[in-house]
file structure_16.cif (mmCIF, C-alpha atoms)
data_data
loop_
_atom_site.label_atom_id
_atom_site.label_comp_id
_atom_site.auth_asym_id
_atom_site.auth_seq_id
_atom_site.Cartn_x
_atom_site.Cartn_y
_atom_site.Cartn_z
CA GLY A 228 100.09 101.70 71.85
CA VAL A 229 102.03 102.10 75.04
CA LEU A 230 104.99 99.68 75.33
CA GLY A 231 103.34 97.42 72.75
CA ALA A 232 99.89 97.39 74.35
CA ARG A 233 96.75 99.34 73.57
CA VAL A 234 95.31 101.28 76.48
CA ARG A 235 91.55 100.72 76.80
CA ARG A 236 90.79 102.83 79.87
CA LEU A 237 92.08 104.10 83.19
CA ARG A 238 90.34 103.21 86.42
CA PHE A 239 90.86 103.96 90.09
CA GLY A 240 90.46 101.11 92.53
CA MET A 241 91.55 100.01 95.98
CA ASP A 242 94.95 99.29 94.47
CA GLY A 243 95.36 102.75 92.96
CA LEU A 244 95.37 103.89 89.34
CA CYS A 245 95.06 100.94 86.97
CA ILE A 246 95.56 100.89 83.23
CA VAL A 247 93.30 98.41 81.48
CA TYR A 248 94.96 97.30 78.27
CA THR A 249 95.02 94.68 75.54
CA GLY A 250 98.09 93.29 73.86
CA ALA A 251 101.40 92.03 75.11
CA ILE A 252 104.10 93.97 76.91
CA SER A 253 107.66 92.68 77.10
CA TYR A 254 109.18 92.03 80.52
CA PRO A 255 111.40 95.13 80.25
CA GLY A 256 108.28 97.09 79.26
CA GLN A 257 106.39 95.73 82.27
CA PHE A 258 109.29 96.74 84.51
CA ALA A 259 109.37 100.25 83.04
CA ALA A 260 105.60 100.66 83.31
CA ALA A 261 105.64 99.57 86.97
CA LEU A 262 108.53 101.91 87.77
CA ALA A 263 106.56 104.87 86.39
CA GLY A 264 104.18 104.88 89.38
CA PRO A 265 106.78 105.29 92.13
CA LEU A 266 108.74 107.78 90.00
CA ALA A 267 105.62 109.91 89.53
CA GLY A 268 104.94 109.77 93.27
CA ALA A 269 108.52 110.81 94.04
CA ALA A 270 108.27 113.70 91.56
CA LEU A 271 105.03 114.81 93.22
CA ALA A 272 106.71 114.67 96.63
CA ILE A 273 109.52 116.90 95.37
CA ILE A 274 107.03 119.36 93.88
CA PHE A 275 105.02 119.50 97.12
CA ALA A 276 108.19 119.98 99.17
CA GLY A 277 109.36 122.81 96.91
CA LEU A 278 105.97 124.50 97.05
CA GLY A 279 105.87 123.97 100.81
CA ALA A 280 109.21 125.73 101.19
CA GLU A 281 108.23 128.55 98.83
CA MET A 282 104.84 129.13 100.47
CA GLU A 283 105.92 128.18 104.00
CA SER A 284 103.04 125.71 104.11
CA GLY A 285 103.02 122.87 106.61
CA PHE A 286 100.14 121.27 104.72
CA LEU A 287 102.24 121.00 101.54
CA TYR A 288 105.10 119.48 103.56
CA VAL A 289 102.68 116.87 104.90
CA CYS A 290 101.53 116.17 101.33
CA ALA A 291 105.18 115.77 100.30
CA GLY A 292 105.80 113.33 103.13
CA LEU A 293 102.70 111.29 102.33
CA SER A 294 103.58 111.12 98.65
CA ALA A 295 107.14 110.05 99.47
CA ALA A 296 105.95 107.41 101.97
CA LEU A 297 103.41 105.98 99.53
CA SER A 298 106.01 105.88 96.77
CA VAL A 299 108.41 103.93 98.99
CA PHE A 300 105.61 101.57 100.11
CA ASN A 301 104.69 101.05 96.45
CA LEU A 302 108.25 99.81 95.78
CA LEU A 303 107.88 96.85 98.15
CA PRO A 304 108.43 93.59 96.23
CA ALA A 305 104.90 92.18 96.62
CA LEU A 306 102.06 92.06 94.13
CA PRO A 307 99.90 94.07 93.46
CA LEU A 308 102.35 96.86 94.36
CA ASP A 309 104.55 98.26 91.60
CA GLY A 310 107.64 96.82 93.30
CA GLY A 311 105.98 93.42 93.03
CA ARG A 312 105.26 94.00 89.36
CA MET A 313 108.90 94.95 88.79
CA LEU A 314 110.07 91.84 90.64
CA SER A 315 107.61 89.72 88.65
CA ALA A 316 108.91 91.06 85.34
CA VAL A 317 112.51 90.24 86.31
CA LEU A 318 111.66 86.78 87.65
CA ARG A 319 109.55 85.86 84.64
CA ALA A 320 112.27 87.02 82.26
CA PHE A 321 114.83 84.66 83.78
CA LEU A 322 112.95 81.76 85.41
CA PRO A 323 110.38 79.21 84.29
CA LEU A 324 106.86 80.47 85.01
CA PHE A 325 106.14 78.08 87.91
CA ARG A 326 109.38 79.08 89.68
CA ALA A 327 108.71 82.77 89.10
CA GLU A 328 105.20 82.43 90.52
CA ARG A 329 106.52 80.53 93.54
CA ALA A 330 109.13 83.24 94.18
CA GLU A 331 106.47 85.97 93.80
CA LYS A 332 104.26 84.24 96.41
CA PHE A 333 107.20 83.80 98.77
CA CYS A 334 108.18 87.49 98.48
CA ARG A 335 104.59 88.58 99.03
CA ALA A 336 104.28 86.40 102.15
CA ALA A 337 107.62 87.67 103.47
CA VAL A 338 106.68 91.33 102.91
CA CYS A 339 103.27 90.81 104.54
CA SER A 340 104.90 89.10 107.52
CA VAL A 341 107.46 91.85 108.03
CA LEU A 342 104.79 94.55 107.71
CA ALA A 343 102.51 92.72 110.16
CA ALA A 344 105.30 92.30 112.70
CA GLY A 345 106.36 95.93 112.30
CA GLY A 346 102.74 97.04 112.52
CA ALA A 347 102.22 95.06 115.72
CA ALA A 348 105.35 96.64 117.23
CA CYS A 349 104.16 100.11 116.21
CA MET A 350 100.78 99.49 117.81
CA LEU A 351 102.37 98.24 121.05
CA LEU A 352 104.58 101.33 121.16
CA GLY A 353 101.61 103.63 120.63
CA TYR A 354 102.40 104.74 117.07
CA GLY A 355 99.04 103.68 115.63
CA ALA A 356 97.76 100.94 113.40
CA ALA A 357 98.57 102.29 109.93
CA LEU A 358 101.37 99.81 109.21
CA GLU A 359 99.26 96.90 110.47
CA MET A 360 96.39 98.04 108.24
CA ALA A 361 98.77 98.19 105.28
CA ALA A 362 99.85 94.60 106.01
CA VAL A 363 96.24 93.43 106.15
CA TRP A 364 95.38 95.26 102.92
CA LEU A 365 98.36 93.74 101.14
CA ALA A 366 97.56 90.25 102.43
CA LEU A 367 93.93 90.50 101.31
CA SER A 368 94.48 92.26 97.99
CA SER A 369 94.22 90.40 94.71
CA PRO A 370 97.48 89.08 93.25
CA GLY A 371 97.22 91.44 90.25
CA ILE A 372 99.35 89.24 88.00
CA VAL A 373 99.49 90.67 84.48
CA LYS A 374 97.71 88.36 82.06
CA ARG A 375 96.97 88.46 78.31
CA VAL A 376 94.25 91.04 78.89
CA GLY A 377 94.73 92.45 82.35
CA VAL A 378 95.40 95.32 84.60
CA LEU A 379 98.82 96.91 84.78
#
call {"tool": "encode", "arguments": {"input": "structure_16.cif", "output": "structure tokens"}}
result
Amino acid sequence: GVLGARVRRLRFGMDGLCIVYTGAISYPGQFAAALAGPLAGAALAIIFAGLGAEMESGFLYVCAGLSAALSVFNLLPALPLDGGRMLSAVLRAFLPLFRAERAEKFCRAAVCSVLAAGGAACMLLGYGAALEMAAVWLALSSPGIVKRVGVL
């Protein structure tokens, strides 16, 4: 298995690539598994940027920028993002479960609030609604808390 769990299948959903598994993963394992997503996105951004430079392709530069932006967004400390999963693993390793869950909810609310405020400012300044849409998606998305048999 992977990090102590047995992978059952991969699926793509509104929250990205999900690994459906059975078994238990340690908190350090959960942290490492969550970090893999943003690291893969950053590696892809570097590859696209290198290819863009080699081929003098604006399209590949745009792909590099999108991959980098999505990787940074994915690091935000709010579930179901990978940054939220990393935060959850750290909190649950050191705090009682109810305190960890309370801290996770607080961080999620704070991130959603900051994104919504930033998105509103961007819209008022004429930069579009993408950040506001990201805030709405994050606020409406499922918590994605890892359970005994869950989605990582």
call {"tool": "resolve_selection", "arguments": {"input": "structure_16.cif", "expression": "the PyMOL selection byres ((chain A and resi 295) around 12)", "output": "PyMOL selection string"}}
result
chain A and resi 264-276+288-294+296-302
call {"tool": "closest_residue", "arguments": {"input": "structure_16.cif", "among": "A:Leu318, A:Leu237, A:Ala280, A:Leu306", "to": "A:Pro255", "atoms": "all atoms listed in the file"}}
result
A:Leu318
call {"tool": "closest_residue", "arguments": {"input": "structure_16.cif", "among": "A:Leu262, A:Ala362, A:Leu367, A:Arg235", "to": "A:Asp309", "atoms": "only C-alpha atoms"}}
result
A:Leu262
call {"tool": "atom_distance", "arguments": {"input": "structure_16.cif", "atom1": "atom CA of A:Leu365", "atom2": "atom CA of A:Cys339"}}
result
6.7 Å
call {"tool": "atom_distance", "arguments": {"input": "structure_16.cif", "atom1": "atom CA of A:Trp364", "atom2": "atom CA of A:Pro304"}}
result
14.8 Å
call {"tool": "residues_around", "arguments": {"input": "structure_16.cif", "residues": "A:Gln257", "least_positions_apart": "4", "cutoff": "10 Å", "atoms": "only C-alpha atoms", "output": "PyMOL selection string"}}
result
chain A and resi 230+251-253+261-262+309+312-317+373+379
call {"tool": "write_last_selection", "arguments": {"input": "structure_16.cif", "atoms": "C-alpha atoms", "output": "PDB file, keeping the file's coordinate frame"}}
result
ATOM      1  CA  LEU A 230     104.990  99.680  75.330  1.00  0.00           C
ATOM      2  CA  ALA A 251     101.400  92.030  75.110  1.00  0.00           C
ATOM      3  CA  ILE A 252     104.100  93.970  76.910  1.00  0.00           C
ATOM      4  CA  SER A 253     107.660  92.680  77.100  1.00  0.00           C
ATOM      5  CA  ALA A 261     105.640  99.570  86.970  1.00  0.00           C
ATOM      6  CA  LEU A 262     108.530 101.910  87.770  1.00  0.00           C
ATOM      7  CA  ASP A 309     104.550  98.260  91.600  1.00  0.00           C
ATOM      8  CA  ARG A 312     105.260  94.000  89.360  1.00  0.00           C
ATOM      9  CA  MET A 313     108.900  94.950  88.790  1.00  0.00           C
ATOM     10  CA  LEU A 314     110.070  91.840  90.640  1.00  0.00           C
ATOM     11  CA  SER A 315     107.610  89.720  88.650  1.00  0.00           C
ATOM     12  CA  ALA A 316     108.910  91.060  85.340  1.00  0.00           C
ATOM     13  CA  VAL A 317     112.510  90.240  86.310  1.00  0.00           C
ATOM     14  CA  VAL A 373      99.490  90.670  84.480  1.00  0.00           C
ATOM     15  CA  LEU A 379      98.820  96.910  84.780  1.00  0.00           C
TER      16      LEU A 379
END
call {"tool": "resolve_selection", "arguments": {"input": "structure_16.cif", "expression": "the PyMOL selection byres ((chain A and resi 359) around 7)", "output": "MDAnalysis selection string"}}
result
chainID A and resid 342:343 346:347 356:358 360:363
call {"tool": "closest_residue", "arguments": {"input": "structure_16.cif", "among": "A:Leu308, A:Leu351, A:Glu281, A:Phe258", "to": "A:Ala320", "atoms": "all atoms listed in the file"}}
result
A:Phe258
call {"tool": "decode", "arguments": {"input": "structure_16.cif", "residues": "stretch 248-261 of chain A", "atoms": "all heavy atoms", "output": "PDB file, in the first residue's frame"}}
result
ATOM      1  N   TYR A 248      -9.128   5.241  -0.937  1.00  0.00           N
ATOM      2  CA  TYR A 248      -8.287   4.243  -0.297  1.00  0.00           C
ATOM      3  C   TYR A 248      -8.993   3.609   0.894  1.00  0.00           C
ATOM      4  O   TYR A 248      -9.991   4.122   1.385  1.00  0.00           O
ATOM      5  CB  TYR A 248      -6.974   4.872   0.165  1.00  0.00           C
ATOM      6  CG  TYR A 248      -7.168   5.871   1.279  1.00  0.00           C
ATOM      7  CD1 TYR A 248      -7.093   5.471   2.606  1.00  0.00           C
ATOM      8  CD2 TYR A 248      -7.443   7.204   1.009  1.00  0.00           C
ATOM      9  CE1 TYR A 248      -7.282   6.371   3.630  1.00  0.00           C
ATOM     10  CE2 TYR A 248      -7.637   8.109   2.033  1.00  0.00           C
ATOM     11  CZ  TYR A 248      -7.553   7.688   3.340  1.00  0.00           C
ATOM     12  OH  TYR A 248      -7.754   8.580   4.362  1.00  0.00           O
ATOM     13  N   THR A 249      -8.433   2.505   1.362  1.00  0.00           N
ATOM     14  CA  THR A 249      -8.840   1.897   2.621  1.00  0.00           C
ATOM     15  C   THR A 249      -7.585   1.756   3.471  1.00  0.00           C
ATOM     16  O   THR A 249      -6.471   1.698   2.955  1.00  0.00           O
ATOM     17  CB  THR A 249      -9.493   0.512   2.422  1.00  0.00           C
ATOM     18  OG1 THR A 249      -8.578  -0.335   1.743  1.00  0.00           O
ATOM     19  CG2 THR A 249     -10.781   0.618   1.639  1.00  0.00           C
ATOM     20  N   GLY A 250      -7.776   1.706   4.758  1.00  0.00           N
ATOM     21  CA  GLY A 250      -6.645   1.585   5.665  1.00  0.00           C
ATOM     22  C   GLY A 250      -6.361   2.905   6.349  1.00  0.00           C
ATOM     23  O   GLY A 250      -7.011   3.909   6.093  1.00  0.00           O
ATOM     24  N   ALA A 251      -5.405   2.878   7.212  1.00  0.00           N
ATOM     25  CA  ALA A 251      -5.048   4.058   7.992  1.00  0.00           C
ATOM     26  C   ALA A 251      -3.721   4.625   7.517  1.00  0.00           C
ATOM     27  O   ALA A 251      -2.815   3.881   7.149  1.00  0.00           O
ATOM     28  CB  ALA A 251      -4.955   3.689   9.466  1.00  0.00           C
ATOM     29  N   ILE A 252      -3.642   5.942   7.525  1.00  0.00           N
ATOM     30  CA  ILE A 252      -2.400   6.632   7.186  1.00  0.00           C
ATOM     31  C   ILE A 252      -2.019   7.476   8.393  1.00  0.00           C
ATOM     32  O   ILE A 252      -2.863   8.180   8.954  1.00  0.00           O
ATOM     33  CB  ILE A 252      -2.579   7.529   5.944  1.00  0.00           C
ATOM     34  CG1 ILE A 252      -3.025   6.714   4.732  1.00  0.00           C
ATOM     35  CG2 ILE A 252      -1.285   8.270   5.622  1.00  0.00           C
ATOM     36  CD1 ILE A 252      -3.300   7.558   3.498  1.00  0.00           C
ATOM     37  N   SER A 253      -0.771   7.440   8.779  1.00  0.00           N
ATOM     38  CA  SER A 253      -0.305   8.233   9.914  1.00  0.00           C
ATOM     39  C   SER A 253      -0.421   9.721   9.574  1.00  0.00           C
ATOM     40  O   SER A 253      -0.523  10.102   8.405  1.00  0.00           O
ATOM     41  CB  SER A 253       1.155   7.899  10.228  1.00  0.00           C
ATOM     42  OG  SER A 253       1.986   8.336   9.160  1.00  0.00           O
ATOM     43  N   TYR A 254      -0.384  10.560  10.595  1.00  0.00           N
ATOM     44  CA  TYR A 254      -0.439  12.001  10.339  1.00  0.00           C
ATOM     45  C   TYR A 254       0.736  12.492   9.488  1.00  0.00           C
ATOM     46  O   TYR A 254       0.533  13.268   8.557  1.00  0.00           O
ATOM     47  CB  TYR A 254      -0.560  12.776  11.644  1.00  0.00           C
ATOM     48  CG  TYR A 254      -1.887  12.542  12.330  1.00  0.00           C
ATOM     49  CD1 TYR A 254      -1.950  12.124  13.646  1.00  0.00           C
ATOM     50  CD2 TYR A 254      -3.089  12.722  11.644  1.00  0.00           C
ATOM     51  CE1 TYR A 254      -3.165  11.900  14.277  1.00  0.00           C
ATOM     52  CE2 TYR A 254      -4.317  12.498  12.258  1.00  0.00           C
ATOM     53  CZ  TYR A 254      -4.343  12.090  13.569  1.00  0.00           C
ATOM     54  OH  TYR A 254      -5.544  11.869  14.187  1.00  0.00           O
ATOM     55  N   PRO A 255       1.965  12.033   9.750  1.00  0.00           N
ATOM     56  CA  PRO A 255       3.047  12.420   8.840  1.00  0.00           C
ATOM     57  C   PRO A 255       2.806  11.915   7.405  1.00  0.00           C
ATOM     58  O   PRO A 255       3.121  12.611   6.433  1.00  0.00           O
ATOM     59  CB  PRO A 255       4.295  11.772   9.444  1.00  0.00           C
ATOM     60  CG  PRO A 255       3.964  11.625  10.894  1.00  0.00           C
ATOM     61  CD  PRO A 255       2.488  11.327  10.930  1.00  0.00           C
ATOM     62  N   GLY A 256       2.232  10.733   7.271  1.00  0.00           N
ATOM     63  CA  GLY A 256       1.899  10.212   5.950  1.00  0.00           C
ATOM     64  C   GLY A 256       0.840  11.048   5.260  1.00  0.00           C
ATOM     65  O   GLY A 256       0.915  11.300   4.057  1.00  0.00           O
ATOM     66  N   GLN A 257      -0.179  11.485   6.025  1.00  0.00           N
ATOM     67  CA  GLN A 257      -1.211  12.346   5.459  1.00  0.00           C
ATOM     68  C   GLN A 257      -0.608  13.666   4.992  1.00  0.00           C
ATOM     69  O   GLN A 257      -0.954  14.184   3.929  1.00  0.00           O
ATOM     70  CB  GLN A 257      -2.310  12.614   6.485  1.00  0.00           C
ATOM     71  CG  GLN A 257      -3.157  11.401   6.793  1.00  0.00           C
ATOM     72  CD  GLN A 257      -4.176  11.691   7.878  1.00  0.00           C
ATOM     73  OE1 GLN A 257      -4.607  12.819   8.055  1.00  0.00           O
ATOM     74  NE2 GLN A 257      -4.540  10.659   8.619  1.00  0.00           N
ATOM     75  N   PHE A 258       0.299  14.214   5.792  1.00  0.00           N
ATOM     76  CA  PHE A 258       0.977  15.464   5.424  1.00  0.00           C
ATOM     77  C   PHE A 258       1.759  15.279   4.124  1.00  0.00           C
ATOM     78  O   PHE A 258       1.654  16.092   3.206  1.00  0.00           O
ATOM     79  CB  PHE A 258       1.905  15.912   6.561  1.00  0.00           C
ATOM     80  CG  PHE A 258       2.532  17.254   6.338  1.00  0.00           C
ATOM     81  CD1 PHE A 258       1.930  18.387   6.847  1.00  0.00           C
ATOM     82  CD2 PHE A 258       3.717  17.381   5.623  1.00  0.00           C
ATOM     83  CE1 PHE A 258       2.504  19.637   6.649  1.00  0.00           C
ATOM     84  CE2 PHE A 258       4.289  18.620   5.416  1.00  0.00           C
ATOM     85  CZ  PHE A 258       3.685  19.756   5.929  1.00  0.00           C
ATOM     86  N   ALA A 259       2.527  14.201   4.052  1.00  0.00           N
ATOM     87  CA  ALA A 259       3.338  13.933   2.859  1.00  0.00           C
ATOM     88  C   ALA A 259       2.466  13.715   1.628  1.00  0.00           C
ATOM     89  O   ALA A 259       2.775  14.229   0.540  1.00  0.00           O
ATOM     90  CB  ALA A 259       4.241  12.723   3.096  1.00  0.00           C
ATOM     91  N   ALA A 260       1.370  12.986   1.786  1.00  0.00           N
ATOM     92  CA  ALA A 260       0.476  12.732   0.655  1.00  0.00           C
ATOM     93  C   ALA A 260      -0.150  14.028   0.165  1.00  0.00           C
ATOM     94  O   ALA A 260      -0.276  14.253  -1.042  1.00  0.00           O
ATOM     95  CB  ALA A 260      -0.611  11.732   1.062  1.00  0.00           C
ATOM     96  N   ALA A 261      -0.536  14.909   1.086  1.00  0.00           N
ATOM     97  CA  ALA A 261      -1.133  16.187   0.699  1.00  0.00           C
ATOM     98  C   ALA A 261      -0.115  17.093   0.032  1.00  0.00           C
ATOM     99  O   ALA A 261      -0.442  17.834  -0.902  1.00  0.00           O
ATOM    100  CB  ALA A 261      -1.741  16.870   1.921  1.00  0.00           C
TER     101      ALA A 261
END
